[in-house]
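Student: My structure file start.csv, CSV, C-alpha atoms, is below:
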```
chain,number,residue,atom,x,y,z
A,21,MET,CA,-19.0,16.7,-16.3
A,22,PHE,CA,-18.1,13.9,-13.9
A,23,LYS,CA,-17.8,11.4,-16.7
A,24,ARG,CA,-15.4,13.7,-18.5
A,25,ILE,CA,-13.3,14.3,-15.4
A,26,LEU,CA,-13.2,10.5,-14.7
A,27,ALA,CA,-12.1,9.9,-18.2
A,28,LEU,CA,-9.2,12.4,-17.8
A,29,ILE,CA,-8.3,10.9,-14.4
A,30,ARG,CA,-8.1,7.5,-16.0
A,31,LYS,CA,-6.0,8.9,-18.8
A,32,GLU,CA,-3.6,10.4,-16.3
A,33,PHE,CA,-3.2,7.2,-14.4
A,34,LEU,CA,-2.5,5.3,-17.6
A,35,SER,CA,0.1,7.8,-18.7
A,36,ILE,CA,1.9,7.6,-15.4
A,37,TRP,CA,1.8,3.9,-15.0
A,38,LYS,CA,2.1,2.7,-18.6
A,39,ASP,CA,5.9,2.7,-18.5
A,40,PRO,CA,7.3,0.0,-16.1
A,41,ARG,CA,10.3,2.1,-15.4
A,42,SER,CA,8.0,5.0,-14.3
A,43,ARG,CA,6.2,2.7,-11.8
A,44,ILE,CA,9.5,1.7,-10.3
A,45,LEU,CA,10.7,5.3,-10.1
A,46,ILE,CA,7.5,6.4,-8.2
A,47,VAL,CA,7.5,3.6,-5.6
A,48,ALA,CA,11.2,2.5,-5.1
A,49,PRO,CA,13.2,5.8,-4.7
A,50,PRO,CA,11.1,7.2,-1.8
A,51,LEU,CA,11.4,4.1,0.2
A,52,MET,CA,15.1,3.8,-0.6
A,53,GLN,CA,15.7,7.4,0.3
A,54,LEU,CA,13.8,7.0,3.5
A,55,LEU,CA,16.0,4.1,4.5
A,56,ILE,CA,19.3,5.8,3.4
A,57,PHE,CA,18.7,9.3,4.7
A,58,ALA,CA,17.4,8.1,8.0
A,59,HIS,CA,20.8,6.8,8.8
A,60,ALA,CA,22.9,9.2,6.7
A,61,ALA,CA,21.2,12.6,7.2
A,62,THR,CA,21.6,12.8,10.9
A,63,MET,CA,22.8,15.6,13.2
A,64,GLU,CA,24.2,13.1,15.7
A,65,ILE,CA,27.9,13.2,16.0
A,66,ARG,CA,29.6,9.8,16.2
A,67,ASN,CA,32.9,8.2,15.2
A,68,ILE,CA,34.9,11.2,16.2
A,69,ASP,CA,38.6,11.0,15.6
A,70,MET,CA,40.8,12.7,18.3
A,71,ALA,CA,44.4,13.1,19.4
A,72,VAL,CA,45.7,13.1,23.0
A,73,LEU,CA,48.9,14.8,24.2
A,74,ASP,CA,49.5,13.0,27.5
A,75,ARG,CA,52.3,14.9,29.3
A,76,SER,CA,51.3,13.3,32.6
A,77,GLN,CA,52.0,9.7,31.6
A,78,THR,CA,50.4,8.4,34.8
A,79,VAL,CA,47.8,5.8,35.7
A,80,GLN,CA,45.2,8.6,36.2
A,81,SER,CA,45.8,10.1,32.7
A,82,ARG,CA,45.7,6.7,31.1
A,83,ASP,CA,42.4,5.9,32.9
A,84,LEU,CA,40.9,9.1,31.5
A,85,ILE,CA,42.1,8.2,28.0
A,86,SER,CA,40.5,4.8,28.4
A,87,GLU,CA,37.2,6.5,29.2
A,88,PHE,CA,37.3,8.1,25.7
A,89,GLN,CA,38.4,4.8,24.1
A,90,HIS,CA,35.4,3.0,25.5
A,91,SER,CA,32.9,5.7,24.5
A,92,LYS,CA,30.4,5.1,21.7
A,93,TRP,CA,31.1,8.7,20.4
A,94,PHE,CA,34.8,8.4,19.7
A,95,ARG,CA,36.4,6.1,17.1
A,96,ASN,CA,40.2,6.6,16.7
A,97,ILE,CA,42.3,8.0,19.5
A,98,THR,CA,45.8,8.9,18.5
A,99,LEU,CA,48.6,9.5,21.1
A,100,VAL,CA,50.9,12.4,20.0
A,101,GLU,CA,54.1,13.7,21.4
A,102,ASN,CA,53.8,17.4,20.8
A,103,GLU,CA,51.4,20.2,19.8
A,104,LYS,CA,52.9,20.5,16.3
A,105,GLN,CA,51.5,17.0,15.5
A,106,ILE,CA,48.1,18.2,16.8
A,107,GLU,CA,48.2,21.2,14.5
A,108,GLN,CA,49.2,19.1,11.5
A,109,MET,CA,46.4,16.6,12.1
A,110,ILE,CA,43.7,19.2,12.5
A,111,ARG,CA,44.8,21.1,9.4
A,112,ALA,CA,44.7,17.8,7.4
A,113,LYS,CA,41.2,17.1,9.0
A,114,LYS,CA,42.5,13.8,10.3
A,115,ILE,CA,41.0,14.6,13.7
A,116,GLN,CA,38.1,16.8,14.9
A,117,LEU,CA,39.6,17.6,18.3
A,118,ALA,CA,42.5,17.0,20.7
A,119,LEU,CA,43.1,16.8,24.4
A,120,SER,CA,46.2,18.1,26.1
A,121,ILE,CA,46.8,16.7,29.6
A,122,ASN,CA,49.3,18.7,31.8
A,123,THR,CA,52.2,17.1,33.7
A,124,ASP,CA,50.7,17.9,37.1
A,125,PHE,CA,47.3,16.3,36.2
A,126,ALA,CA,47.7,13.3,38.6
A,127,ASN,CA,49.2,15.3,41.5
A,128,LYS,CA,46.5,17.8,41.5
A,129,LEU,CA,43.8,15.1,41.4
A,130,LYS,CA,45.4,13.4,44.4
A,131,ARG,CA,45.7,16.7,46.3
A,132,ASN,CA,42.1,17.6,45.6
A,133,GLN,CA,43.2,20.7,43.7
A,134,PRO,CA,41.6,22.2,40.5
A,135,THR,CA,43.3,20.9,37.4
A,136,ASN,CA,42.9,21.9,33.7
A,137,ILE,CA,42.7,19.9,30.5
A,138,GLN,CA,43.0,21.8,27.3
A,139,VAL,CA,40.5,20.9,24.6
A,140,ILE,CA,41.4,21.9,21.0
A,141,LEU,CA,38.4,21.8,18.6
A,142,ASP,CA,38.3,22.2,14.9
A,143,GLY,CA,36.1,25.4,14.6
A,144,ARG,CA,35.5,24.8,10.9
A,145,GLN,CA,32.9,22.1,11.9
A,146,THR,CA,30.8,24.2,14.2
A,147,ASN,CA,28.1,21.6,14.8
A,148,THR,CA,30.7,18.8,15.5
A,149,ALA,CA,32.7,21.2,17.8
A,150,SER,CA,29.8,22.2,20.0
A,151,ILE,CA,28.3,18.7,20.4
A,152,ALA,CA,31.7,17.1,20.9
A,153,ASN,CA,32.5,19.6,23.6
A,154,GLY,CA,29.4,18.4,25.5
A,155,TYR,CA,30.6,14.8,25.1
A,156,ILE,CA,34.0,15.6,26.5
A,157,ALA,CA,32.4,17.4,29.5
A,158,SER,CA,30.2,14.4,30.2
A,159,ILE,CA,33.1,11.9,30.0
A,160,VAL,CA,35.4,14.0,32.3
A,161,ALA,CA,32.6,14.5,34.8
A,162,GLN,CA,31.9,10.7,34.8
A,163,TYR,CA,35.6,9.9,35.2
A,164,GLU,CA,35.9,12.3,38.2
A,165,ALA,CA,32.8,10.9,39.9
A,166,GLU,CA,34.0,7.3,39.5
A,167,HIS,CA,37.7,7.7,40.4
A,168,PHE,CA,37.8,10.7,42.7
A,169,PRO,CA,34.4,10.9,44.5
A,170,GLN,CA,36.0,12.7,47.4
A,171,ARG,CA,36.5,15.8,45.1
A,172,LEU,CA,32.7,16.1,44.7
A,173,LYS,CA,32.3,16.5,48.5
A,174,SER,CA,34.5,19.6,48.6
A,175,ALA,CA,31.8,21.8,47.2
A,176,PRO,CA,28.0,21.7,47.3
A,177,GLN,CA,26.6,19.7,44.4
A,178,ILE,CA,23.3,20.4,42.5
A,179,ASN,CA,21.7,17.2,41.3
A,180,LEU,CA,19.8,17.4,38.0
A,181,GLU,CA,16.9,15.1,37.4
A,182,ILE,CA,16.4,15.1,33.7
A,183,ARG,CA,13.2,14.0,31.9
A,184,ASN,CA,12.9,14.0,28.2
A,185,TRP,CA,9.3,14.2,27.0
A,186,PHE,CA,7.9,12.7,23.7
A,187,ASN,CA,11.3,11.1,22.9
A,188,PRO,CA,12.6,9.8,26.2
A,189,ASN,CA,15.8,8.3,24.9
A,190,LEU,CA,16.5,11.2,22.6
A,191,ILE,CA,16.5,8.9,19.5
A,192,PHE,CA,17.5,11.3,16.7
A,193,LEU,CA,16.3,8.7,14.1
A,194,TRP,CA,12.7,9.4,15.2
A,195,TYR,CA,13.0,13.1,14.3
A,196,THR,CA,14.8,12.3,11.1
A,197,VAL,CA,12.4,9.8,9.6
A,198,ILE,CA,9.3,11.8,10.4
A,199,SER,CA,10.8,14.8,8.7
A,200,LEU,CA,11.8,12.7,5.7
A,201,ILE,CA,8.2,11.5,5.2
A,202,THR,CA,7.2,15.1,4.8
A,203,ILE,CA,10.1,16.0,2.5
A,204,LEU,CA,9.6,12.9,0.3
A,205,ALA,CA,5.8,13.4,0.1
A,206,THR,CA,6.6,16.9,-1.0
A,207,THR,CA,8.9,15.7,-3.7
A,208,ILE,CA,6.5,13.1,-5.1
A,209,ALA,CA,3.6,15.5,-5.2
A,210,LEU,CA,5.7,18.3,-6.8
A,211,VAL,CA,7.3,16.1,-9.5
A,212,LEU,CA,4.1,14.4,-10.5
A,213,THR,CA,2.1,17.6,-10.9
A,214,SER,CA,5.0,19.7,-12.3
A,215,LEU,CA,5.4,17.2,-15.2
A,216,SER,CA,1.7,16.8,-15.8
A,217,ILE,CA,0.8,19.7,-18.2
A,218,ALA,CA,4.4,20.2,-19.3
A,219,ARG,CA,4.4,16.6,-20.5
A,220,GLU,CA,1.2,17.2,-22.5
A,221,ARG,CA,2.9,20.2,-24.2
A,222,GLU,CA,6.1,18.3,-24.9
A,223,MET,CA,4.3,15.3,-26.4
A,224,GLY,CA,2.0,17.5,-28.5
A,225,THR,CA,-1.2,16.3,-26.8
A,226,PHE,CA,-2.0,19.6,-25.0
A,227,ASP,CA,-3.9,20.9,-28.1
A,228,GLN,CA,-6.1,17.9,-28.0
A,229,LEU,CA,-7.1,18.7,-24.4
A,230,ILE,CA,-7.9,22.3,-25.5
A,231,VAL,CA,-10.3,21.2,-28.2
A,232,SER,CA,-11.9,18.5,-26.1
A,233,PRO,CA,-15.2,19.2,-24.3
A,234,LEU,CA,-13.3,19.5,-21.0
A,235,SER,CA,-13.4,22.9,-19.4
A,236,ALA,CA,-10.3,24.5,-17.7
A,237,PHE,CA,-11.7,23.5,-14.3
A,238,GLU,CA,-12.3,19.9,-15.3
A,239,ILE,CA,-8.8,19.6,-16.8
A,240,LEU,CA,-7.3,20.9,-13.5
A,241,VAL,CA,-9.3,18.5,-11.4
A,242,GLY,CA,-8.3,15.6,-13.7
A,243,LYS,CA,-4.7,16.7,-13.4
A,244,THR,CA,-4.9,17.0,-9.6
A,245,VAL,CA,-6.6,13.8,-8.5
A,246,PRO,CA,-4.2,11.1,-9.8
A,247,PRO,CA,-1.1,12.8,-8.2
A,248,LEU,CA,-3.1,13.3,-5.0
A,249,ILE,CA,-4.0,9.6,-4.8
A,250,ILE,CA,-0.5,8.4,-5.6
A,251,SER,CA,1.0,10.8,-3.1
A,252,LEU,CA,-1.4,9.6,-0.4
A,253,VAL,CA,-0.6,6.0,-1.1
A,254,MET,CA,3.1,6.6,-1.0
A,255,THR,CA,2.9,8.7,2.2
A,256,THR,CA,0.9,6.0,3.8
A,257,LEU,CA,3.5,3.3,2.8
A,258,MET,CA,6.3,5.5,4.1
A,259,SER,CA,4.5,6.0,7.4
A,260,LEU,CA,3.9,2.3,7.8
A,261,PHE,CA,7.5,1.6,6.9
A,262,VAL,CA,8.7,4.0,9.6
A,263,ILE,CA,6.3,2.5,12.2
A,264,ILE,CA,7.1,-1.1,11.5
A,265,PHE,CA,10.8,-1.1,10.7
A,266,PHE,CA,12.1,2.0,12.7
A,267,LYS,CA,9.7,1.4,15.6
A,268,VAL,CA,8.6,5.0,15.7
A,269,PRO,CA,5.4,5.3,17.7
A,270,PHE,CA,2.2,6.8,16.2
A,271,THR,CA,0.2,8.3,19.0
A,272,GLY,CA,-2.2,10.6,17.3
A,273,SER,CA,-5.5,10.3,15.4
A,274,ILE,CA,-5.5,8.5,12.0
A,275,LEU,CA,-8.4,10.7,10.8
A,276,LEU,CA,-6.6,13.9,11.6
A,277,PHE,CA,-3.5,12.4,10.0
A,278,TYR,CA,-5.3,11.9,6.6
A,279,ILE,CA,-7.2,15.2,6.8
A,280,SER,CA,-3.9,17.1,7.4
A,281,MET,CA,-2.2,15.0,4.7
A,282,VAL,CA,-4.8,15.7,2.0
A,283,THR,CA,-4.8,19.5,2.8
A,284,TYR,CA,-1.0,19.6,2.7
A,285,LEU,CA,-0.8,17.7,-0.5
A,286,LEU,CA,-3.4,19.9,-2.2
A,287,SER,CA,-1.2,23.0,-1.3
A,288,ILE,CA,1.8,21.3,-2.8
A,289,LEU,CA,-0.1,20.1,-5.9
A,290,GLY,CA,-1.2,23.7,-6.4
A,291,VAL,CA,2.4,24.8,-6.5
A,292,GLY,CA,3.3,22.0,-8.9
A,293,LEU,CA,0.4,22.8,-11.2
A,294,PHE,CA,1.4,26.4,-11.2
A,295,PHE,CA,4.9,25.5,-12.4
A,296,SER,CA,3.6,23.0,-14.9
A,297,SER,CA,1.2,25.6,-16.4
A,298,ILE,CA,4.0,28.2,-17.1
A,299,CYS,CA,6.6,25.7,-18.3
A,300,LYS,CA,6.8,24.4,-21.9
A,301,THR,CA,9.1,21.4,-21.2
A,302,GLN,CA,9.4,18.8,-18.5
A,303,GLN,CA,13.0,20.0,-17.8
A,304,GLN,CA,11.8,23.5,-17.0
A,305,ALA,CA,9.1,22.1,-14.8
A,306,ILE,CA,11.6,20.0,-12.8
A,307,LEU,CA,13.8,23.1,-12.4
A,308,GLY,CA,10.8,25.1,-11.2
A,309,ALA,CA,9.9,22.4,-8.6
A,310,PHE,CA,13.5,22.3,-7.4
A,311,THR,CA,13.5,26.1,-7.1
A,312,PHE,CA,10.5,25.9,-4.7
A,313,GLN,CA,11.5,22.7,-2.8
A,314,MET,CA,14.9,23.6,-1.5
A,315,PRO,CA,13.9,27.0,0.1
A,316,ALA,CA,10.7,25.4,1.5
A,317,ILE,CA,12.7,22.7,3.3
A,318,LEU,CA,15.3,25.1,4.5
A,319,LEU,CA,12.6,27.4,5.9
A,320,SER,CA,10.5,24.5,7.4
A,321,GLY,CA,12.4,24.2,10.7
A,322,TYR,CA,13.9,20.9,9.7
A,323,ILE,CA,17.5,22.0,9.8
A,324,SER,CA,17.2,24.9,12.3
A,325,PRO,CA,14.2,26.1,14.4
A,326,VAL,CA,12.1,28.8,12.9
A,327,GLU,CA,12.5,30.8,16.1
A,328,ASP,CA,16.2,31.1,15.5
A,329,MET,CA,15.8,32.6,12.0
A,330,PRO,CA,16.0,36.3,11.3
A,331,MET,CA,12.6,38.0,11.6
A,332,PHE,CA,12.2,38.5,7.9
A,333,PHE,CA,12.5,34.7,7.3
A,334,GLN,CA,10.2,33.9,10.2
A,335,HIS,CA,7.5,35.9,8.4
A,336,LEU,CA,8.3,34.3,5.1
A,337,THR,CA,7.7,30.8,6.6
A,338,LEU,CA,4.1,31.7,7.2
A,339,ILE,CA,3.4,31.0,3.5
A,340,ASN,CA,5.5,27.8,3.6
A,341,PRO,CA,3.2,24.7,3.8
A,342,VAL,CA,6.1,22.4,4.8
A,343,ARG,CA,6.6,24.3,8.1
A,344,PHE,CA,3.0,23.6,9.3
A,345,PHE,CA,2.8,20.0,8.1
A,346,LEU,CA,6.1,19.2,9.8
A,347,VAL,CA,4.7,20.4,13.1
A,348,ILE,CA,1.5,18.3,12.5
A,349,MET,CA,3.5,15.2,11.7
A,350,LYS,CA,5.8,15.4,14.7
A,351,GLY,CA,2.7,16.1,16.9
A,352,LEU,CA,0.7,13.1,15.6
A,353,PHE,CA,3.6,10.7,15.7
A,354,LEU,CA,5.2,11.5,19.1
A,355,LYS,CA,3.0,13.9,21.1
A,356,ASN,CA,-0.6,12.7,20.6
A,357,MET,CA,-1.3,16.4,19.7
A,358,PRO,CA,-4.8,17.5,20.6
A,359,ALA,CA,-7.2,18.4,17.7
A,360,GLU,CA,-7.2,22.1,18.6
A,361,TYR,CA,-3.4,22.3,18.1
A,362,ILE,CA,-3.7,20.3,14.9
A,363,PHE,CA,-6.2,22.8,13.5
A,364,GLN,CA,-4.0,25.7,14.5
A,365,ASN,CA,-1.5,24.4,11.9
A,366,LEU,CA,-4.1,23.1,9.6
A,367,ILE,CA,-5.9,26.4,9.0
A,368,PRO,CA,-2.8,28.0,7.5
A,369,LEU,CA,-2.5,25.0,5.2
A,370,VAL,CA,-6.0,25.4,4.0
A,371,PHE,CA,-5.4,29.1,3.1
A,372,ILE,CA,-2.1,28.1,1.4
A,373,ALA,CA,-3.9,25.3,-0.5
A,374,ILE,CA,-6.6,27.7,-1.7
A,375,LEU,CA,-4.0,30.3,-2.7
A,376,SER,CA,-1.7,27.9,-4.6
A,377,LEU,CA,-4.6,26.1,-6.4
A,378,SER,CA,-6.2,29.5,-7.3
A,379,ALA,CA,-2.9,30.7,-8.7
A,380,ALA,CA,-2.5,27.5,-10.7
A,381,SER,CA,-6.0,27.8,-12.0
A,382,TRP,CA,-5.6,31.5,-13.0
A,383,MET,CA,-2.3,30.8,-14.8
A,384,PHE,CA,-3.7,27.8,-16.6
A,385,LYS,CA,-6.8,29.7,-17.8
A,386,ARG,CA,-4.6,32.6,-18.9
A,387,ASN,CA,-2.3,30.3,-21.0
A,388,LEU,CA,-5.4,28.4,-22.3
A,389,ASP,CA,-6.9,31.6,-23.6
```
Starting from the file, give its structure as structure tokens.

Tutor:
Amino acid sequence: MFKRILALIRKEFLSIWKDPRSRILIVAPPLMQLLIFAHAATMEIRNIDMAVLDRSQTVQSRDLISEFQHSKWFRNITLVENEKQIEQMIRAKKIQLALSINTDFANKLKRNQPTNIQVILDGRQTNTASIANGYIASIVAQYEAEHFPQRLKSAPQINLEIRNWFNPNLIFLWYTVISLITILATTIALVLTSLSIAREREMGTFDQLIVSPLSAFEILVGKTVPPLIISLVMTTLMSLFVIIFFKVPFTGSILLFYISMVTYLLSILGVGLFFSSICKTQQQAILGAFTFQMPAILLSGYISPVEDMPMFFQHLTLINPVRFFLVIMKGLFLKNMPAEYIFQNLIPLVFIAILSLSAASWMFKRNLD
């Protein structure tokens, strides 16, 4: 049996690697996507374009505008003469926000009186609006502390001492690249297995497998091992790439990392084999993999926390392997997560892997009969 399985595994490797273009497509795109998405797919808000309506026209108002001009978050600051210009620029999406400084701005600052600055935000971009609002509050507070420290003495102040655990400098790139490793590993495993049996059907070699001495179990093992090895190698390369080039720390156990990775990849391979066994063409298999991949990523907690989702979707994430592996990856990279917490997320992955591989085996045997 082992000789037959090894022969099938060898055949699978040869079919995957015999085409030079296939070799390039398996290795190059994940690394390129990791590099591109790490900088492009970010929830940080930078290069904000804004307009300022300065009715005060004083040294104090110009100093405040200067604070925004020297900020790393804001790019182009346009001075306008009236509110109509602000409305036109926001409608045309030339700016994301605008400030309106009143005529009595400087006088009230000097007299130690409360003063207001109107902030106009483009509510169509909710994420940008909420984050930019925080930036503005931070810059204004810094401006007041530097130029008018006496105002801070008029009322009791609460000093906040902030500590950020696991990512002290709040480097969003760390969160992005760790999540991208999981997403790209999912893509590689899904594509390789989804095309496996479908490719045999499309090329007309599936009948040869049926009449061979191989049993259904042996065929499934032979179809699972090569994608598993390739996915392991590519995930390892991507992890090394992230550690070396992006300087993301790896604080956890390497052994637990590979145990978790193998378990996770087996759960994904089971899904891929399931789609491959019910699809007659490679195009159908790719569409099936895409149908699974997008909801799995959306329900993984990558874009929004699972806790913020409606209760129905929170329960639905319990059968989503991406959700549990994402927690493990962040824990191993940044938190040095203890083994007990790793296994709390690993146990669901084991059940999902058994379920997906069993479903793939059942569907394959059914179609084989």

Student: Suppose you want the space between atom CA of A:Phe353 and atom CA of A:Leu257; what is it in Å?

Tutor: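 Computing the Euclidean distance for atom CA of A:Phe353 and atom CA of A:Leu257 yields 14.9 Å.
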
Student: Within 10 Å of stretch 110-112 of chain A, counting all atoms listed in the file, which residues show up once you throw out same-chain ones fewer than 6 positions away? Write them as a list of chain:residue names, please.

Tutor: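 What passes the distance filter is A:Met70, A:Ala71, A:Ala118, A:Ile140, A:Leu141, A:Asp142.
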
Student: May I ask which of the residues A:Ser251, A:Gln228, A:Gln303, A:Gln116 is the closest one to A:Thr202, counting all atoms listed in the file?

Tutor: A:Ser251

Student: Which one is closest to A:Val282: A:Gln77, A:Thr256, A:Thr98, A:Ser158? Count all atoms listed in the file.

Tutor: A:Thr256

Student: So that I can check the surroundings of stretch 151-156 of chain A, please list as a PyMOL selection string every protein, DNA and RNA residue that reaches within 12 Å of it, counting all atoms listed in the file and ignoring chain neighbours fewer than 3 positions away.

Tutor: chain A and resi 63-70+84-85+87-89+91-94+116-119+137-143+145-148+159-163
